[in-house]
file protein_25.pdb (PDB, C-alpha atoms, pLDDT in the B column)
MODEL        1
ATOM      1  CA  GLN A   1      18.027  -3.519   4.601  1.00 88.00           C
ATOM      2  CA  VAL A   2      14.654  -2.996   6.229  1.00 92.00           C
ATOM      3  CA  GLN A   3      12.472  -6.064   6.527  1.00 95.00           C
ATOM      4  CA  LEU A   4       9.001  -6.494   7.953  1.00 96.00           C
ATOM      5  CA  GLN A   5       7.268  -9.736   8.899  1.00 97.00           C
ATOM      6  CA  GLU A   6       3.607 -10.186   9.792  1.00 97.00           C
ATOM      7  CA  SER A   7       2.411 -12.835  12.220  1.00 97.00           C
ATOM      8  CA  GLY A   8      -0.921 -13.889  13.645  1.00 96.00           C
ATOM      9  CA  PRO A   9      -3.834 -16.295  13.230  1.00 96.00           C
ATOM     10  CA  GLY A  10      -4.857 -17.167   9.705  1.00 96.00           C
ATOM     11  CA  LEU A  11      -8.447 -17.907  10.697  1.00 97.00           C
ATOM     12  CA  VAL A  12     -10.756 -15.710  12.769  1.00 98.00           C
ATOM     13  CA  LYS A  13     -14.406 -16.332  13.605  1.00 98.00           C
ATOM     14  CA  PRO A  14     -17.086 -13.783  12.678  1.00 97.00           C
ATOM     15  CA  SER A  15     -17.688 -11.104  15.338  1.00 97.00           C
ATOM     16  CA  GLU A  16     -14.298 -11.781  16.939  1.00 98.00           C
ATOM     17  CA  THR A  17     -11.149  -9.640  16.905  1.00 98.00           C
ATOM     18  CA  LEU A  18      -8.403  -9.965  14.308  1.00 98.00           C
ATOM     19  CA  SER A  19      -4.950  -9.432  15.824  1.00 98.00           C
ATOM     20  CA  LEU A  20      -1.716  -9.200  13.858  1.00 98.00           C
ATOM     21  CA  THR A  21       1.825  -8.192  14.740  1.00 98.00           C
ATOM     22  CA  CYS A  22       4.595  -6.869  12.513  1.00 98.00           C
ATOM     23  CA  ALA A  23       8.243  -7.352  13.419  1.00 97.00           C
ATOM     24  CA  VAL A  24      10.687  -4.783  12.060  1.00 95.00           C
ATOM     25  CA  SER A  25      14.351  -5.495  11.383  1.00 93.00           C
ATOM     26  CA  GLY A  26      17.057  -3.383   9.799  1.00 91.00           C
ATOM     27  CA  ASP A  27      15.594  -0.082  10.976  1.00 86.00           C
ATOM     28  CA  SER A  28      14.550   1.602  14.168  1.00 85.00           C
ATOM     29  CA  ILE A  29      10.839   2.151  14.718  1.00 87.00           C
ATOM     30  CA  GLY A  30      11.854   5.609  15.934  1.00 83.00           C
ATOM     31  CA  SER A  31      13.607   6.432  12.666  1.00 84.00           C
ATOM     32  CA  GLY A  32      11.100   9.091  11.640  1.00 86.00           C
ATOM     33  CA  TYR A  33       8.883   6.949   9.466  1.00 91.00           C
ATOM     34  CA  TYR A  34       5.316   5.894  10.087  1.00 94.00           C
ATOM     35  CA  TRP A  35       4.392   2.207  10.280  1.00 96.00           C
ATOM     36  CA  GLY A  36       1.249   1.094   8.550  1.00 96.00           C
ATOM     37  CA  TRP A  37      -1.209  -1.646   7.708  1.00 98.00           C
ATOM     38  CA  ILE A  38      -2.769  -2.233   4.302  1.00 97.00           C
ATOM     39  CA  ARG A  39      -5.069  -5.070   3.252  1.00 97.00           C
ATOM     40  CA  GLN A  40      -6.048  -6.709  -0.011  1.00 95.00           C
ATOM     41  CA  PRO A  41      -9.158  -8.915  -0.341  1.00 94.00           C
ATOM     42  CA  PRO A  42      -8.570 -11.909  -2.631  1.00 93.00           C
ATOM     43  CA  GLY A  43      -8.448 -10.766  -6.255  1.00 91.00           C
ATOM     44  CA  LYS A  44      -9.144  -7.156  -5.339  1.00 91.00           C
ATOM     45  CA  GLY A  45      -7.354  -3.862  -4.784  1.00 92.00           C
ATOM     46  CA  LEU A  46      -5.450  -2.425  -1.855  1.00 94.00           C
ATOM     47  CA  GLU A  47      -7.134  -0.711   1.089  1.00 96.00           C
ATOM     48  CA  TRP A  48      -5.357   1.568   3.531  1.00 96.00           C
ATOM     49  CA  ILE A  49      -6.083   0.627   7.145  1.00 97.00           C
ATOM     50  CA  GLY A  50      -3.959   3.091   9.066  1.00 96.00           C
ATOM     51  CA  SER A  51      -0.572   3.970  10.487  1.00 96.00           C
ATOM     52  CA  ILE A  52       1.261   4.819  13.686  1.00 95.00           C
ATOM     53  CA  TYR A  53       4.226   7.017  14.566  1.00 92.00           C
ATOM     54  CA  HIS A  54       6.778   5.894  17.133  1.00 86.00           C
ATOM     55  CA  THR A  55       5.444   8.456  19.589  1.00 87.00           C
ATOM     56  CA  GLY A  56       2.120   6.628  19.478  1.00 87.00           C
ATOM     57  CA  GLY A  57       0.161   8.964  17.233  1.00 92.00           C
ATOM     58  CA  THR A  58      -2.321   6.956  15.172  1.00 93.00           C
ATOM     59  CA  TYR A  59      -4.102   7.685  11.910  1.00 94.00           C
ATOM     60  CA  TYR A  60      -6.937   5.492  10.637  1.00 95.00           C
ATOM     61  CA  ASN A  61      -8.968   5.089   7.474  1.00 94.00           C
ATOM     62  CA  PRO A  62     -12.259   6.822   8.339  1.00 92.00           C
ATOM     63  CA  SER A  63     -14.225   3.838   7.027  1.00 93.00           C
ATOM     64  CA  LEU A  64     -12.532   1.476   9.507  1.00 96.00           C
ATOM     65  CA  LYS A  65     -11.778   3.858  12.342  1.00 95.00           C
ATOM     66  CA  SER A  66     -14.466   2.579  14.705  1.00 97.00           C
ATOM     67  CA  ARG A  67     -13.042  -0.960  14.608  1.00 98.00           C
ATOM     68  CA  VAL A  68      -9.270  -0.434  14.283  1.00 98.00           C
ATOM     69  CA  THR A  69      -6.513  -0.029  16.844  1.00 98.00           C
ATOM     70  CA  ILE A  70      -2.834   0.161  15.904  1.00 97.00           C
ATOM     71  CA  SER A  71      -0.217   0.105  18.638  1.00 96.00           C
ATOM     72  CA  VAL A  72       3.576   0.088  18.794  1.00 93.00           C
ATOM     73  CA  ASP A  73       6.200  -1.433  21.069  1.00 91.00           C
ATOM     74  CA  THR A  74       9.429   0.357  20.228  1.00 87.00           C
ATOM     75  CA  SER A  75      11.523  -1.731  22.613  1.00 88.00           C
ATOM     76  CA  LYS A  76      10.481  -4.936  20.850  1.00 88.00           C
ATOM     77  CA  LYS A  77      10.576  -3.323  17.386  1.00 92.00           C
ATOM     78  CA  LYS A  78       7.015  -4.422  16.722  1.00 95.00           C
ATOM     79  CA  PHE A  79       3.708  -2.807  15.911  1.00 96.00           C
ATOM     80  CA  SER A  80       0.288  -4.386  15.964  1.00 97.00           C
ATOM     81  CA  LEU A  81      -3.159  -4.269  14.427  1.00 98.00           C
ATOM     82  CA  LYS A  82      -6.470  -5.085  16.065  1.00 98.00           C
ATOM     83  CA  LEU A  83      -9.695  -5.133  14.059  1.00 98.00           C
ATOM     84  CA  THR A  84     -12.848  -5.834  16.025  1.00 98.00           C
ATOM     85  CA  SER A  85     -16.217  -7.335  15.052  1.00 98.00           C
ATOM     86  CA  VAL A  86     -14.890  -8.934  11.888  1.00 98.00           C
ATOM     87  CA  THR A  87     -17.094 -10.270   9.102  1.00 98.00           C
ATOM     88  CA  ALA A  88     -16.401 -12.186   5.912  1.00 97.00           C
ATOM     89  CA  ALA A  89     -15.739  -8.837   4.230  1.00 97.00           C
ATOM     90  CA  ASP A  90     -12.592  -8.535   6.337  1.00 98.00           C
ATOM     91  CA  THR A  91     -11.084 -11.617   4.696  1.00 98.00           C
ATOM     92  CA  ALA A  92      -7.907 -10.352   3.046  1.00 97.00           C
ATOM     93  CA  ALA A  93      -4.154 -10.477   2.844  1.00 97.00           C
ATOM     94  CA  TYR A  94      -2.872  -8.061   5.466  1.00 98.00           C
ATOM     95  CA  PHE A  95       0.408  -6.267   4.818  1.00 97.00           C
ATOM     96  CA  CYS A  96       2.496  -4.266   7.238  1.00 97.00           C
ATOM     97  CA  ALA A  97       4.807  -1.634   5.830  1.00 96.00           C
ATOM     98  CA  ARG A  98       6.991   1.389   6.450  1.00 95.00           C
ATOM     99  CA  VAL A  99       5.309   4.613   5.365  1.00 93.00           C
ATOM    100  CA  GLY A 100       6.905   7.921   4.452  1.00 90.00           C
ATOM    101  CA  SER A 101       5.598  11.238   5.727  1.00 86.00           C
ATOM    102  CA  TRP A 102       3.566  11.757   2.574  1.00 89.00           C
ATOM    103  CA  GLY A 103       2.196   8.250   2.222  1.00 88.00           C
ATOM    104  CA  SER A 104       4.744   6.442   0.066  1.00 91.00           C
ATOM    105  CA  VAL A 105       4.839   2.821   1.226  1.00 94.00           C
ATOM    106  CA  GLU A 106       8.108   0.859   1.107  1.00 93.00           C
ATOM    107  CA  PRO A 107       9.112  -1.728   2.026  1.00 95.00           C
ATOM    108  CA  TRP A 108       6.202  -4.052   2.550  1.00 96.00           C
ATOM    109  CA  GLY A 109       6.003  -7.252   4.528  1.00 96.00           C
ATOM    110  CA  GLN A 110       5.231 -10.407   2.590  1.00 95.00           C
ATOM    111  CA  GLY A 111       1.611 -10.310   3.744  1.00 96.00           C
ATOM    112  CA  THR A 112      -0.485 -12.763   5.694  1.00 97.00           C
ATOM    113  CA  LEU A 113      -3.872 -14.107   4.630  1.00 97.00           C
ATOM    114  CA  VAL A 114      -6.578 -13.845   7.258  1.00 98.00           C
ATOM    115  CA  THR A 115      -9.835 -15.665   6.612  1.00 98.00           C
ATOM    116  CA  VAL A 116     -12.970 -14.834   8.559  1.00 98.00           C
ATOM    117  CA  SER A 117     -15.096 -17.933   8.826  1.00 97.00           C
ATOM    118  CA  SER A 118     -16.852 -20.019  11.436  1.00 95.00           C
TER     119      SER A 118
ATOM    120  CA  GLN B 119     -12.375   8.741   1.040  1.00 69.00           C
ATOM    121  CA  SER B 120     -13.136   6.893  -2.204  1.00 80.00           C
ATOM    122  CA  ALA B 121     -10.736   4.666  -4.072  1.00 90.00           C
ATOM    123  CA  LEU B 122      -8.851   6.166  -6.989  1.00 96.00           C
ATOM    124  CA  THR B 123     -10.083   5.030 -10.409  1.00 96.00           C
ATOM    125  CA  GLN B 124      -7.845   2.910 -12.624  1.00 97.00           C
ATOM    126  CA  PRO B 125      -8.663   0.950 -15.786  1.00 97.00           C
ATOM    127  CA  PRO B 126      -8.945  -2.758 -14.908  1.00 96.00           C
ATOM    128  CA  SER B 127      -6.591  -3.809 -17.670  1.00 97.00           C
ATOM    129  CA  ALA B 128      -3.941  -2.572 -20.076  1.00 98.00           C
ATOM    130  CA  SER B 129      -1.743  -4.342 -22.586  1.00 97.00           C
ATOM    131  CA  GLY B 130       1.079  -3.874 -25.029  1.00 96.00           C
ATOM    132  CA  SER B 131       3.582  -5.829 -27.055  1.00 97.00           C
ATOM    133  CA  PRO B 132       7.240  -6.134 -26.085  1.00 97.00           C
ATOM    134  CA  GLY B 133       9.083  -2.918 -26.871  1.00 97.00           C
ATOM    135  CA  GLN B 134       5.948  -0.816 -26.944  1.00 97.00           C
ATOM    136  CA  SER B 135       4.851   1.809 -24.422  1.00 97.00           C
ATOM    137  CA  VAL B 136       1.733   1.663 -22.292  1.00 98.00           C
ATOM    138  CA  THR B 137       0.192   4.302 -20.048  1.00 98.00           C
ATOM    139  CA  ILE B 138      -2.035   3.594 -17.045  1.00 98.00           C
ATOM    140  CA  SER B 139      -4.233   6.337 -15.647  1.00 98.00           C
ATOM    141  CA  CYS B 140      -5.285   7.003 -12.064  1.00 98.00           C
ATOM    142  CA  THR B 141      -8.099   9.453 -11.432  1.00 98.00           C
ATOM    143  CA  GLY B 142      -8.841  10.960  -8.059  1.00 97.00           C
ATOM    144  CA  THR B 143     -10.297  14.202  -6.820  1.00 96.00           C
ATOM    145  CA  SER B 144      -9.217  17.706  -5.940  1.00 95.00           C
ATOM    146  CA  SER B 145      -8.767  16.469  -2.363  1.00 94.00           C
ATOM    147  CA  ASP B 146      -6.140  13.858  -3.124  1.00 95.00           C
ATOM    148  CA  VAL B 147      -4.445  13.490  -6.529  1.00 97.00           C
ATOM    149  CA  GLY B 148      -5.329  17.018  -7.590  1.00 96.00           C
ATOM    150  CA  TYR B 149      -4.179  18.616  -4.344  1.00 96.00           C
ATOM    151  CA  TYR B 150      -1.029  16.745  -3.357  1.00 96.00           C
ATOM    152  CA  ASN B 151       2.067  15.938  -5.419  1.00 96.00           C
ATOM    153  CA  HIS B 152       2.349  12.696  -3.507  1.00 96.00           C
ATOM    154  CA  VAL B 153       1.205  10.025  -5.911  1.00 97.00           C
ATOM    155  CA  SER B 154       2.931   6.656  -5.846  1.00 97.00           C
ATOM    156  CA  TRP B 155       2.765   3.661  -8.151  1.00 98.00           C
ATOM    157  CA  TYR B 156       3.262   0.052  -7.059  1.00 97.00           C
ATOM    158  CA  GLN B 157       3.984  -3.111  -9.025  1.00 97.00           C
ATOM    159  CA  GLN B 158       2.659  -6.397  -7.686  1.00 95.00           C
ATOM    160  CA  HIS B 159       3.455  -9.795  -9.142  1.00 96.00           C
ATOM    161  CA  PRO B 160       1.108 -12.697  -8.254  1.00 92.00           C
ATOM    162  CA  GLY B 161       1.500 -13.823  -4.668  1.00 90.00           C
ATOM    163  CA  LYS B 162       4.049 -11.123  -3.911  1.00 92.00           C
ATOM    164  CA  ALA B 163       4.035  -7.915  -1.925  1.00 92.00           C
ATOM    165  CA  PRO B 164       3.746  -4.636  -3.835  1.00 93.00           C
ATOM    166  CA  LYS B 165       6.927  -2.746  -4.711  1.00 95.00           C
ATOM    167  CA  VAL B 166       7.089   1.001  -5.182  1.00 96.00           C
ATOM    168  CA  MET B 167       8.034   2.033  -8.711  1.00 97.00           C
ATOM    169  CA  ILE B 168       7.258   5.761  -8.591  1.00 97.00           C
ATOM    170  CA  TYR B 169       6.786   8.178  -5.703  1.00 96.00           C
ATOM    171  CA  GLU B 170       6.039  11.904  -5.489  1.00 96.00           C
ATOM    172  CA  VAL B 171       4.395  11.709  -8.945  1.00 97.00           C
ATOM    173  CA  ASN B 172       7.560  11.199 -10.992  1.00 97.00           C
ATOM    174  CA  LYS B 173      10.482  10.070  -8.831  1.00 96.00           C
ATOM    175  CA  ARG B 174      12.012   6.621  -9.229  1.00 96.00           C
ATOM    176  CA  PRO B 175      13.552   4.777  -6.290  1.00 93.00           C
ATOM    177  CA  SER B 176      17.036   3.454  -6.764  1.00 93.00           C
ATOM    178  CA  GLY B 177      16.985   0.270  -8.791  1.00 94.00           C
ATOM    179  CA  VAL B 178      13.785   0.956 -10.709  1.00 97.00           C
ATOM    180  CA  PRO B 179      14.442   1.043 -14.471  1.00 96.00           C
ATOM    181  CA  ASP B 180      14.062   4.404 -16.190  1.00 96.00           C
ATOM    182  CA  ARG B 181      11.525   2.735 -18.474  1.00 97.00           C
ATOM    183  CA  PHE B 182       9.043   3.592 -15.725  1.00 98.00           C
ATOM    184  CA  SER B 183       7.910   7.199 -15.518  1.00 98.00           C
ATOM    185  CA  GLY B 184       5.101   9.104 -13.843  1.00 98.00           C
ATOM    186  CA  SER B 185       3.211  12.315 -14.445  1.00 97.00           C
ATOM    187  CA  LYS B 186       0.141  14.190 -13.253  1.00 98.00           C
ATOM    188  CA  SER B 187      -2.352  16.586 -14.732  1.00 97.00           C
ATOM    189  CA  GLY B 188      -5.170  17.923 -12.617  1.00 97.00           C
ATOM    190  CA  ASN B 189      -6.905  15.076 -10.795  1.00 97.00           C
ATOM    191  CA  THR B 190      -5.333  12.365 -12.957  1.00 98.00           C
ATOM    192  CA  ALA B 191      -1.930  10.753 -12.552  1.00 98.00           C
ATOM    193  CA  SER B 192      -0.338   8.444 -15.095  1.00 98.00           C
ATOM    194  CA  LEU B 193       2.279   5.716 -15.158  1.00 98.00           C
ATOM    195  CA  THR B 194       4.061   5.065 -18.433  1.00 98.00           C
ATOM    196  CA  VAL B 195       6.054   1.928 -19.051  1.00 98.00           C
ATOM    197  CA  SER B 196       8.290   2.251 -22.106  1.00 97.00           C
ATOM    198  CA  GLY B 197      10.068  -0.544 -23.912  1.00 97.00           C
ATOM    199  CA  LEU B 198       7.742  -3.175 -22.415  1.00 97.00           C
ATOM    200  CA  GLN B 199       9.413  -6.345 -21.234  1.00 97.00           C
ATOM    201  CA  ALA B 200       7.896  -9.668 -20.245  1.00 97.00           C
ATOM    202  CA  GLU B 201       8.753  -9.114 -16.588  1.00 96.00           C
ATOM    203  CA  ASP B 202       6.643  -5.938 -16.544  1.00 97.00           C
ATOM    204  CA  GLU B 203       3.502  -8.093 -16.641  1.00 97.00           C
ATOM    205  CA  ALA B 204       1.952  -7.494 -13.219  1.00 97.00           C
ATOM    206  CA  ASP B 205      -0.738  -5.598 -11.376  1.00 97.00           C
ATOM    207  CA  TYR B 206      -0.135  -1.882 -10.904  1.00 98.00           C
ATOM    208  CA  PHE B 207      -1.715   0.217  -8.169  1.00 97.00           C
ATOM    209  CA  CYS B 208      -1.614   3.957  -7.690  1.00 97.00           C
ATOM    210  CA  SER B 209      -1.952   5.731  -4.374  1.00 97.00           C
ATOM    211  CA  SER B 210      -2.250   9.304  -3.237  1.00 97.00           C
ATOM    212  CA  TYR B 211      -1.790  11.114   0.034  1.00 95.00           C
ATOM    213  CA  ALA B 212      -5.244  12.279   1.078  1.00 93.00           C
ATOM    214  CA  GLY B 213      -4.466  14.515   4.041  1.00 90.00           C
ATOM    215  CA  SER B 214      -4.419  13.834   7.787  1.00 87.00           C
ATOM    216  CA  ASN B 215      -1.937  10.995   7.335  1.00 88.00           C
ATOM    217  CA  ASN B 216      -4.395   9.042   5.214  1.00 91.00           C
ATOM    218  CA  VAL B 217      -3.667   7.318   1.936  1.00 95.00           C
ATOM    219  CA  VAL B 218      -6.072   6.231  -0.781  1.00 96.00           C
ATOM    220  CA  PHE B 219      -5.298   3.494  -3.296  1.00 96.00           C
ATOM    221  CA  GLY B 220      -6.555   2.764  -6.780  1.00 96.00           C
ATOM    222  CA  GLY B 221      -8.371  -0.424  -7.679  1.00 94.00           C
ATOM    223  CA  GLY B 222      -5.439  -1.731  -9.696  1.00 96.00           C
ATOM    224  CA  THR B 223      -4.649  -2.343 -13.370  1.00 97.00           C
ATOM    225  CA  LYS B 224      -3.569  -5.691 -14.735  1.00 97.00           C
ATOM    226  CA  LEU B 225      -0.830  -5.101 -17.319  1.00 98.00           C
ATOM    227  CA  THR B 226      -0.469  -7.841 -19.906  1.00 97.00           C
ATOM    228  CA  VAL B 227       2.547  -8.071 -22.178  1.00 97.00           C
ATOM    229  CA  LEU B 228       1.262  -9.645 -25.374  1.00 94.00           C
TER     230      LEU B 228
ENDMDL
END
call {"tool": "encode", "arguments": {"input": "protein_25.pdb", "output": "structure tokens"}}
result
Amino acid sequence: QVQLQESGPGLVKPSETLSLTCAVSGDSIGSGYYWGWIRQPPGKGLEWIGSIYHTGGTYYNPSLKSRVTISVDTSKKKFSLKLTSVTAADTAAYFCARVGSWGSVEPWGQGTLVTVSS
Amino acid sequence: QSALTQPPSASGSPGQSVTISCTGTSSDVGYYNHVSWYQQHPGKAPKVMIYEVNKRPSGVPDRFSGSKSGNTASLTVSGLQAEDEADYFCSSYAGSNNVVFGGGTKLTVL
């Protein structure tokens, strides 16, 4: 059974960089799936951030592309998200997930709330 | 890429059927047969209920079904049960390994 678990700071100051890591268990990161990040502002809908393939190929939401970096460490079975120059609008629950070739997302991590505030 | 359009709310009584729509464009929903639907209970992670427009993952009740016509996809929940009360989000593949989500629909079982 594939499980994903996000970790990282729950509070980030404005203009700083948000950094999160997702640990994967029950599957190999090289299994042919993509590995993605999705966020959900409090009380709002889901927003696709981007994904990475085990070979390192990355794919980002055009609206966030200038601030996002997703990386993978296959040996540690982890992948990571960095979002630079954060503002209050980046406050959200951040989910990591396994993504199929055509964008179906399952399973999801439990999510971690990141608040941007001074 | 713009978010897909969903009604903010839907409701039905136990045993009834309810349909939730998801409208995109000819670049996402209308072009690709890769629409998914997710159920999210409060404080929980989303769970896929439908993928590739009308396919159900193992373990999802057959009360859940999906369809698509043109730029609009739909999720139908038949025989509504109390545990179906949740938020539902649609998503579509949008090309170049990008995905676009809908704004979500809160389903209330009356």
call {"tool": "resolve_selection", "arguments": {"input": "protein_25.pdb", "expression": "the PyMOL selection byres ((chain B) within 7 of (chain A))", "output": "ChimeraX atom specification"}}
result
/B:152,154,162-166,169,211,215-222
call {"tool": "axis_aligned_box", "arguments": {"input": "protein_25.pdb", "around": "range 191-201 of chain B", "padding_each_side": "4 Å", "output": "JSON"}}
result
{"center_x": 4.1, "center_y": 0.5, "center_z": -18.2, "size_x": 20.0, "size_y": 28.4, "size_z": 19.4}
call {"tool": "residues_around", "arguments": {"input": "protein_25.pdb", "residues": "Val68 in chain A", "least_positions_apart": "6", "cutoff": "7 Å", "atoms": "only C-alpha atoms", "output": "PyMOL selection string"}}
result
chain A and resi 82-84
call {"tool": "atom_distance", "arguments": {"input": "protein_25.pdb", "atom1": "CA of Lys77 in chain A", "atom2": "CA of Val24 in chain A"}}
result
5.5 Å
call {"tool": "atom_distance", "arguments": {"input": "protein_25.pdb", "atom1": "CA of Ala200 in chain B", "atom2": "CA of Ile168 in chain B"}}
result
19.3 Å
call {"tool": "atom_distance", "arguments": {"input": "protein_25.pdb", "atom1": "CA of Thr115 in chain A", "atom2": "CA of Trp155 in chain B"}}
result
27.4 Å
call {"tool": "closest_residue", "arguments": {"input": "protein_25.pdb", "among": "B:Ser196, B:Cys208, B:Ala191, B:Thr223", "to": "Tyr149 in chain B", "atoms": "all atoms listed in the file"}}
result
B:Ala191
call {"tool": "resolve_selection", "arguments": {"input": "protein_25.pdb", "expression": "the PyMOL selection byres ((chain B and resi 127) around 8)", "output": "PDB file with C-alpha atoms, in the coordinates of the input"}}
result
ATOM      1  CA  PRO B 125      -8.663   0.950 -15.786  1.00 97.00           C
ATOM      2  CA  PRO B 126      -8.945  -2.758 -14.908  1.00 96.00           C
ATOM      3  CA  ALA B 128      -3.941  -2.572 -20.076  1.00 98.00           C
ATOM      4  CA  SER B 129      -1.743  -4.342 -22.586  1.00 97.00           C
ATOM      5  CA  THR B 223      -4.649  -2.343 -13.370  1.00 97.00           C
ATOM      6  CA  LYS B 224      -3.569  -5.691 -14.735  1.00 97.00           C
ATOM      7  CA  LEU B 225      -0.830  -5.101 -17.319  1.00 98.00           C
ATOM      8  CA  THR B 226      -0.469  -7.841 -19.906  1.00 97.00           C
TER       9      THR B 226
END
call {"tool": "resolve_selection", "arguments": {"input": "protein_25.pdb", "expression": "the PyMOL selection byres ((chain B and resi 147) around 12)", "output": "VMD selection string"}}
result
chain B and resid 119 to 123 139 to 146 148 to 154 170 to 171 185 to 192 208 to 213 217 to 220
call {"tool": "residues_near_point", "arguments": {"input": "protein_25.pdb", "point": "(5.1, -6.2, -7.5)", "cutoff": "10 Å", "atoms": "only C-alpha atoms", "output": "PDB file with C-alpha atoms, in the frame of the given file"}}
result
ATOM      1  CA  TYR B 156       3.262   0.052  -7.059  1.00 97.00           C
ATOM      2  CA  GLN B 157       3.984  -3.111  -9.025  1.00 97.00           C
ATOM      3  CA  GLN B 158       2.659  -6.397  -7.686  1.00 95.00           C
ATOM      4  CA  HIS B 159       3.455  -9.795  -9.142  1.00 96.00           C
ATOM      5  CA  PRO B 160       1.108 -12.697  -8.254  1.00 92.00           C
ATOM      6  CA  GLY B 161       1.500 -13.823  -4.668  1.00 90.00           C
ATOM      7  CA  LYS B 162       4.049 -11.123  -3.911  1.00 92.00           C
ATOM      8  CA  ALA B 163       4.035  -7.915  -1.925  1.00 92.00           C
ATOM      9  CA  PRO B 164       3.746  -4.636  -3.835  1.00 93.00           C
ATOM     10  CA  LYS B 165       6.927  -2.746  -4.711  1.00 95.00           C
ATOM     11  CA  VAL B 166       7.089   1.001  -5.182  1.00 96.00           C
ATOM     12  CA  MET B 167       8.034   2.033  -8.711  1.00 97.00           C
ATOM     13  CA  ASP B 202       6.643  -5.938 -16.544  1.00 97.00           C
ATOM     14  CA  GLU B 203       3.502  -8.093 -16.641  1.00 97.00           C
ATOM     15  CA  ALA B 204       1.952  -7.494 -13.219  1.00 97.00           C
ATOM     16  CA  ASP B 205      -0.738  -5.598 -11.376  1.00 97.00           C
ATOM     17  CA  TYR B 206      -0.135  -1.882 -10.904  1.00 98.00           C
ATOM     18  CA  PHE B 207      -1.715   0.217  -8.169  1.00 97.00           C
TER      19      PHE B 207
END
call {"tool": "residues_around", "arguments": {"input": "protein_25.pdb", "residues": "Ser25 in chain A", "least_positions_apart": "3", "cutoff": "7 Å", "atoms": "only C-alpha atoms", "output": "list in words"}}
result
Val2, Gln3 and Leu4 of chain A
call {"tool": "residues_near_point", "arguments": {"input": "protein_25.pdb", "point": "(7.9, 0.4, -18.9)", "cutoff": "8 Å", "atoms": "only C-alpha atoms", "output": "list in words"}}
result
Ser135, Val136, Pro179, Asp180, Arg181, Phe182, Ser183, Thr194, Val195, Ser196, Gly197, Leu198, Gln199 and Asp202 of chain B
call {"tool": "closest_residue", "arguments": {"input": "protein_25.pdb", "among": "A:Val12, A:Val114, A:Leu20, A:Ile29", "to": "Val72 in chain A", "atoms": "all atoms listed in the file"}}
result
A:Ile29
call {"tool": "residues_around", "arguments": {"input": "protein_25.pdb", "residues": "Asp73 in chain A", "least_positions_apart": "3", "cutoff": "12 Å", "atoms": "all atoms listed in the file", "output": "number ranges by chain"}}
result
A: 21-24, 28-30, 35, 52-56, 70, 76-81
